[in-house]
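Beneath this line is the structure, given in structure tokens, with notes to follow.
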Amino acid sequence: MISNAMTAPRGFEGVMLGATLQDLIQMECLTLATRSVRVETHDKVGVIYFAGGQVVHAQVGGVYGEEAFYEMLRWRNGNFTIQDGVRPTEETITRHWQGLLLESASRNDETNVAELQMGGEVIQLDKAQFMQRDPVLEVLADPEVISGVQFSEDGSLLEAKSDDAENMQAAFAYNIELLRLIGQSLGAENLREVDLFGRQNKGICVLNEKSVACFVTTPKANFAQITKKLV
């Protein structure tokens, strides 16, 4: 059953058209929301709870925690109800919200691959040829690039060269969002590149309409060449 915290609704309702549940989750987290989102699709009902911009609990029927969260993210469409200030009776999720979205995307990719294999021939790409066509992989292969991640606007990890890609993405995404908010207040909304300089290493983020690519490099790295490859 759904938690009793759902009684006394305060909020608004909507239909998810032209957007995904991932989009809604990202918006709630980036605005540091504390509320619940009740999602209905066909004969299923689930609830996701947010506290301070983090996902802290999810429930679908008798399933709780991350598994309930991933179940809802597999739904294609649905209606939602948002209630402000609602907290769950228990917190079953501790993973960072971006890590949850990354894990969900990974699970969906595995499902899609399984379906492709069942449907017929699996096409394999030559890795060397693919890297020549992908500018992000080309940059990651640069000896001056220590680590890097590329992720989409919805938080899906696309490429990575890191021992801890999840935390690396989370750190870069957080700083980029802060810079975007600062840029909006100053009338400079089109953030396209961020250069970072530390005591031992440098960092660069290149943004476009579809994704963000961030890299940690040695001091010798040529940012102009990296940017040229990615834009």
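Labeling convention for the structure tokens: chains A, B, ... as they appear, residues from 1 per chain, ligands from 1 in order of appearance.
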Enumerate the residues of range 17-194 of chain A with a DSSP assignment of strand (DSSP E or B), computed from the backbone, and present them as a PyMOL selection string.
-> chain A and resi 35-41+44-51+54-60+63-64+79-84+145-152+157-161+193-194
Might you pull out every residue within 8 Å of Val149 in chain A, with only C-alpha atoms counted and same-chain residues fewer than 6 positions away left off, and present them as an NGL selection string?
-> :A and (157-162 or 165 or 168-169 or 213-215)
Write out the residues from the selection above, keeping C-alpha atoms, as a JSON list (two decimals), in the first residue's frame.
[["chain", "number", "residue", "atom", "x", "y", "z"],
["A", 157, "LEU", "CA", 26.37, 8.41, -18.71],
["A", 158, "LEU", "CA", 27.52, 8.10, -22.33],
["A", 159, "GLU", "CA", 31.29, 7.62, -22.04],
["A", 160, "ALA", "CA", 33.75, 7.44, -19.16],
["A", 161, "LYS", "CA", 37.43, 7.09, -18.37],
["A", 162, "SER", "CA", 37.52, 7.13, -14.58],
["A", 165, "ALA", "CA", 32.70, 7.89, -13.04],
["A", 168, "MET", "CA", 33.04, 12.51, -11.17],
["A", 169, "GLN", "CA", 29.89, 13.16, -13.17],
["A", 213, "ALA", "CA", 31.85, 16.32, -21.87],
["A", 214, "CYS", "CA", 34.18, 16.95, -18.92],
["A", 215, "PHE", "CA", 37.86, 16.06, -18.61]]
Choose the residue, out of A:Glu28, A:Asp154, A:Glu91, A:Asn79, that has the smallest atom-to-atom separation from Val45 in chain A; count only C-alpha atoms.
->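 When distances to Val45 in chain A are compared using only C-alpha atoms, the smallest one comes from A:Asn79.
If you look at CA of Ile204 in chain A and CA of Ile226 in chain A, they are 8.7 Å away from each other.
Comparing A:Met27, A:Thr34, A:Leu21, A:Thr89 by their smallest distance to Glu177 in chain A, the closest is A:Met27 (using only C-alpha atoms).
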Given only C-alpha atoms as the counted atoms, nearest of A:Pro88, A:Gly46, A:Gly99, A:Gly52 to Leu73 in chain A =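 Ranking A:Pro88, A:Gly46, A:Gly99, A:Gly52 by distance to Leu73 in chain A, first place goes to A:Gly46.
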Identify which of the residues A:Asp23, A:Glu144, A:Asp163, A:Glu153 lies closest to Thr217 in chain A, counting only C-alpha atoms when measuring atom-to-atom distances.
->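 Counting only C-alpha atoms, the residue closest to Thr217 in chain A is A:Glu144.
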CA of Thr31 in chain A to CA of Leu191 in chain A, straight-line distance in Å |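 Going from CA of Leu191 in chain A over to CA of Thr31 in chain A, I get 18.9 Å.
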Would you work out the distance separating CA of Glu138 in chain A from CA of Val206 in chain A, expressed in Å to one decimal?
->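 So the two atoms, CA of Glu138 in chain A and CA of Val206 in chain A, lie 14.3 Å apart.
Using only C-alpha atoms, the shortest contact distance between Asp142 in chain A and any of A:Phe50, A:Phe80, A:Tyr70, A:Phe223 is found at A:Phe223.
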Surrounding residues of Glu66 in chain A excluding itself and chain neighbours under 4 positions, 9 Å, only C-alpha atoms, as an MDAnalysis selection string = chainID A and resid 57:59 70:71 92:93 95 100
N, CA and C atoms of the current selection, written as a JSON list (two decimals), in the first residue's frame:
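After the write, selection.json holds the following:
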[["chain", "number", "residue", "atom", "x", "y", "z"],
["A", 57, "HIS", "N", 13.23, 7.80, -1.13],
["A", 57, "HIS", "CA", 12.35, 6.64, -0.97],
["A", 57, "HIS", "C", 11.52, 6.49, -2.25],
["A", 58, "ALA", "N", 11.20, 5.24, -2.58],
["A", 58, "ALA", "CA", 10.32, 4.96, -3.71],
["A", 58, "ALA", "C", 9.53, 3.70, -3.38],
["A", 59, "GLN", "N", 8.32, 3.63, -3.91],
["A", 59, "GLN", "CA", 7.46, 2.50, -3.60],
["A", 59, "GLN", "C", 6.51, 2.23, -4.76],
["A", 70, "TYR", "N", 13.62, 2.00, -10.10],
["A", 70, "TYR", "CA", 13.95, 1.54, -11.45],
["A", 70, "TYR", "C", 12.71, 1.01, -12.18],
["A", 71, "GLU", "N", 11.79, 0.41, -11.43],
["A", 71, "GLU", "CA", 10.55, -0.07, -12.03],
["A", 71, "GLU", "C", 9.78, 1.08, -12.67],
["A", 92, "THR", "N", 14.59, 4.69, 2.16],
["A", 92, "THR", "CA", 15.18, 3.42, 1.69],
["A", 92, "THR", "C", 16.22, 3.61, 0.60],
["A", 93, "ILE", "N", 16.49, 4.86, 0.21],
["A", 93, "ILE", "CA", 17.45, 5.13, -0.86],
["A", 93, "ILE", "C", 18.49, 6.12, -0.36],
["A", 95, "ARG", "N", 21.62, 6.40, -2.40],
["A", 95, "ARG", "CA", 22.47, 6.72, -3.55],
["A", 95, "ARG", "C", 22.12, 8.10, -4.11],
["A", 100, "LEU", "N", 21.44, 7.11, -9.46],
["A", 100, "LEU", "CA", 20.22, 6.35, -9.72],
["A", 100, "LEU", "C", 19.84, 6.40, -11.19]]
For Asn190 in chain A, which residue out of A:Trp97, A:Gln26, A:Asp134, A:Glu209 is the nearest one, using only C-alpha atoms?
->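 Smallest distance to Asn190 in chain A is found for A:Glu209.
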As a tab-separated table (two decimals) with N, CA and C atoms, in the first residue's frame, which residues of range 15-92 of chain A does DSSP assign to helix (DSSP H, G or I)?
chain	number	residue	atom	x	y	z
A	21	LEU	N	9.91	10.59	-17.25
A	21	LEU	CA	9.97	10.64	-15.79
A	21	LEU	C	11.37	11.06	-15.35
A	22	GLN	N	12.39	10.69	-16.13
A	22	GLN	CA	13.76	11.12	-15.83
A	22	GLN	C	13.86	12.64	-15.82
A	23	ASP	N	13.18	13.29	-16.79
A	23	ASP	CA	13.19	14.76	-16.85
A	23	ASP	C	12.59	15.36	-15.59
A	24	LEU	N	11.47	14.78	-15.16
A	24	LEU	CA	10.78	15.29	-13.97
A	24	LEU	C	11.65	15.10	-12.73
A	25	ILE	N	12.28	13.93	-12.61
A	25	ILE	CA	13.14	13.66	-11.46
A	25	ILE	C	14.32	14.63	-11.42
A	26	GLN	N	14.92	14.86	-12.58
A	26	GLN	CA	16.06	15.78	-12.64
A	26	GLN	C	15.65	17.18	-12.21
A	27	MET	N	14.48	17.62	-12.66
A	27	MET	CA	14.00	18.95	-12.29
A	27	MET	C	13.78	19.06	-10.79
A	28	GLU	N	13.16	18.04	-10.19
A	28	GLU	CA	12.91	18.07	-8.75
A	28	GLU	C	14.22	18.10	-7.97
A	29	CYS	N	15.21	17.35	-8.41
A	29	CYS	CA	16.49	17.29	-7.69
A	29	CYS	C	17.27	18.59	-7.83
A	30	LEU	N	17.30	19.15	-9.02
A	30	LEU	CA	18.05	20.37	-9.25
A	30	LEU	C	17.45	21.57	-8.52
A	65	GLY	N	12.33	1.08	-2.25
A	65	GLY	CA	13.72	1.45	-2.49
A	65	GLY	C	14.09	1.57	-3.95
A	66	GLU	N	15.36	1.23	-4.26
A	66	GLU	CA	15.88	1.43	-5.61
A	66	GLU	C	15.13	0.59	-6.64
A	67	GLU	N	14.76	-0.63	-6.29
A	67	GLU	CA	14.07	-1.49	-7.26
A	67	GLU	C	12.75	-0.88	-7.68
A	68	ALA	N	12.04	-0.26	-6.73
A	68	ALA	CA	10.79	0.43	-7.07
A	68	ALA	C	11.07	1.63	-7.97
A	69	PHE	N	12.15	2.34	-7.68
A	69	PHE	CA	12.54	3.49	-8.49
A	69	PHE	C	12.82	3.07	-9.93
A	70	TYR	N	13.62	2.00	-10.10
A	70	TYR	CA	13.95	1.54	-11.45
A	70	TYR	C	12.71	1.01	-12.18
A	71	GLU	N	11.79	0.41	-11.43
A	71	GLU	CA	10.55	-0.07	-12.03
A	71	GLU	C	9.78	1.08	-12.67
A	72	MET	N	9.65	2.18	-11.94
A	72	MET	CA	8.90	3.34	-12.45
A	72	MET	C	9.58	3.96	-13.66
A	73	LEU	N	10.91	3.95	-13.68
A	73	LEU	CA	11.61	4.56	-14.80
A	73	LEU	C	11.51	3.72	-16.08
Mind checking which residues fall within 12 Å of Lys202 in chain A, counting only C-alpha atoms, ignoring those fewer than 5 positions away in the same chain, and posting them as a PDB file with N, CA and C atoms, in the first residue's frame?
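Result saved to around_22.pdb:
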ATOM      1  N   GLU A 144      47.377  13.298 -22.476  1.00  0.00           N
ATOM      2  CA  GLU A 144      47.317  14.383 -21.499  1.00  0.00           C
ATOM      3  C   GLU A 144      45.989  14.408 -20.741  1.00  0.00           C
ATOM      4  N   VAL A 145      45.043  13.570 -21.145  1.00  0.00           N
ATOM      5  CA  VAL A 145      43.738  13.497 -20.474  1.00  0.00           C
ATOM      6  C   VAL A 145      43.789  12.375 -19.448  1.00  0.00           C
ATOM      7  N   ILE A 146      43.648  12.719 -18.179  1.00  0.00           N
ATOM      8  CA  ILE A 146      43.746  11.752 -17.089  1.00  0.00           C
ATOM      9  C   ILE A 146      42.444  10.972 -16.923  1.00  0.00           C
ATOM     10  N   SER A 147      41.330  11.677 -16.967  1.00  0.00           N
ATOM     11  CA  SER A 147      40.029  11.038 -16.808  1.00  0.00           C
ATOM     12  C   SER A 147      38.968  11.934 -17.441  1.00  0.00           C
ATOM     13  N   GLY A 148      37.799  11.370 -17.644  1.00  0.00           N
ATOM     14  CA  GLY A 148      36.743  12.168 -18.252  1.00  0.00           C
ATOM     15  C   GLY A 148      35.420  11.431 -18.278  1.00  0.00           C
ATOM     16  N   VAL A 194      33.649  25.497 -19.790  1.00  0.00           N
ATOM     17  CA  VAL A 194      34.115  25.828 -18.445  1.00  0.00           C
ATOM     18  C   VAL A 194      35.547  25.325 -18.313  1.00  0.00           C
ATOM     19  N   ASP A 195      36.461  26.214 -17.965  1.00  0.00           N
ATOM     20  CA  ASP A 195      37.865  25.850 -17.766  1.00  0.00           C
ATOM     21  C   ASP A 195      38.200  25.937 -16.277  1.00  0.00           C
ATOM     22  N   LEU A 196      38.825  24.905 -15.752  1.00  0.00           N
ATOM     23  CA  LEU A 196      39.180  24.845 -14.340  1.00  0.00           C
ATOM     24  C   LEU A 196      40.688  24.668 -14.198  1.00  0.00           C
ATOM     25  N   PHE A 197      41.273  25.323 -13.200  1.00  0.00           N
ATOM     26  CA  PHE A 197      42.716  25.248 -13.013  1.00  0.00           C
ATOM     27  C   PHE A 197      43.025  24.952 -11.539  1.00  0.00           C
ATOM     28  N   CYS A 214      33.297  16.340 -19.907  1.00  0.00           N
ATOM     29  CA  CYS A 214      34.182  16.946 -18.918  1.00  0.00           C
ATOM     30  C   CYS A 214      35.447  16.096 -18.774  1.00  0.00           C
ATOM     31  N   PHE A 215      36.591  16.779 -18.655  1.00  0.00           N
ATOM     32  CA  PHE A 215      37.858  16.061 -18.606  1.00  0.00           C
ATOM     33  C   PHE A 215      38.783  16.674 -17.551  1.00  0.00           C
ATOM     34  N   VAL A 216      39.535  15.810 -16.881  1.00  0.00           N
ATOM     35  CA  VAL A 216      40.635  16.229 -16.012  1.00  0.00           C
ATOM     36  C   VAL A 216      41.914  15.943 -16.772  1.00  0.00           C
ATOM     37  N   THR A 217      42.789  16.945 -16.869  1.00  0.00           N
ATOM     38  CA  THR A 217      43.978  16.819 -17.711  1.00  0.00           C
ATOM     39  C   THR A 217      45.244  17.212 -16.957  1.00  0.00           C
ATOM     40  N   THR A 218      46.370  16.932 -17.585  1.00  0.00           N
ATOM     41  CA  THR A 218      47.642  17.430 -17.071  1.00  0.00           C
ATOM     42  C   THR A 218      47.758  18.907 -17.422  1.00  0.00           C
ATOM     43  N   PRO A 219      48.702  19.626 -16.815  1.00  0.00           N
ATOM     44  CA  PRO A 219      48.876  21.047 -17.145  1.00  0.00           C
ATOM     45  C   PRO A 219      49.256  21.281 -18.605  1.00  0.00           C
ATOM     46  N   LYS A 220      49.776  20.245 -19.300  1.00  0.00           N
ATOM     47  CA  LYS A 220      50.218  20.409 -20.673  1.00  0.00           C
ATOM     48  C   LYS A 220      49.079  20.310 -21.698  1.00  0.00           C
ATOM     49  N   ALA A 221      47.895  19.911 -21.278  1.00  0.00           N
ATOM     50  CA  ALA A 221      46.789  19.706 -22.210  1.00  0.00           C
ATOM     51  C   ALA A 221      46.429  20.993 -22.935  1.00  0.00           C
ATOM     52  N   ASN A 222      46.109  20.855 -24.206  1.00  0.00           N
ATOM     53  CA  ASN A 222      45.737  22.000 -25.038  1.00  0.00           C
ATOM     54  C   ASN A 222      44.214  22.092 -25.094  1.00  0.00           C
ATOM     55  N   PHE A 223      43.647  23.023 -24.336  1.00  0.00           N
ATOM     56  CA  PHE A 223      42.190  23.152 -24.271  1.00  0.00           C
ATOM     57  C   PHE A 223      41.601  23.569 -25.618  1.00  0.00           C
TER      58      PHE A 223
END
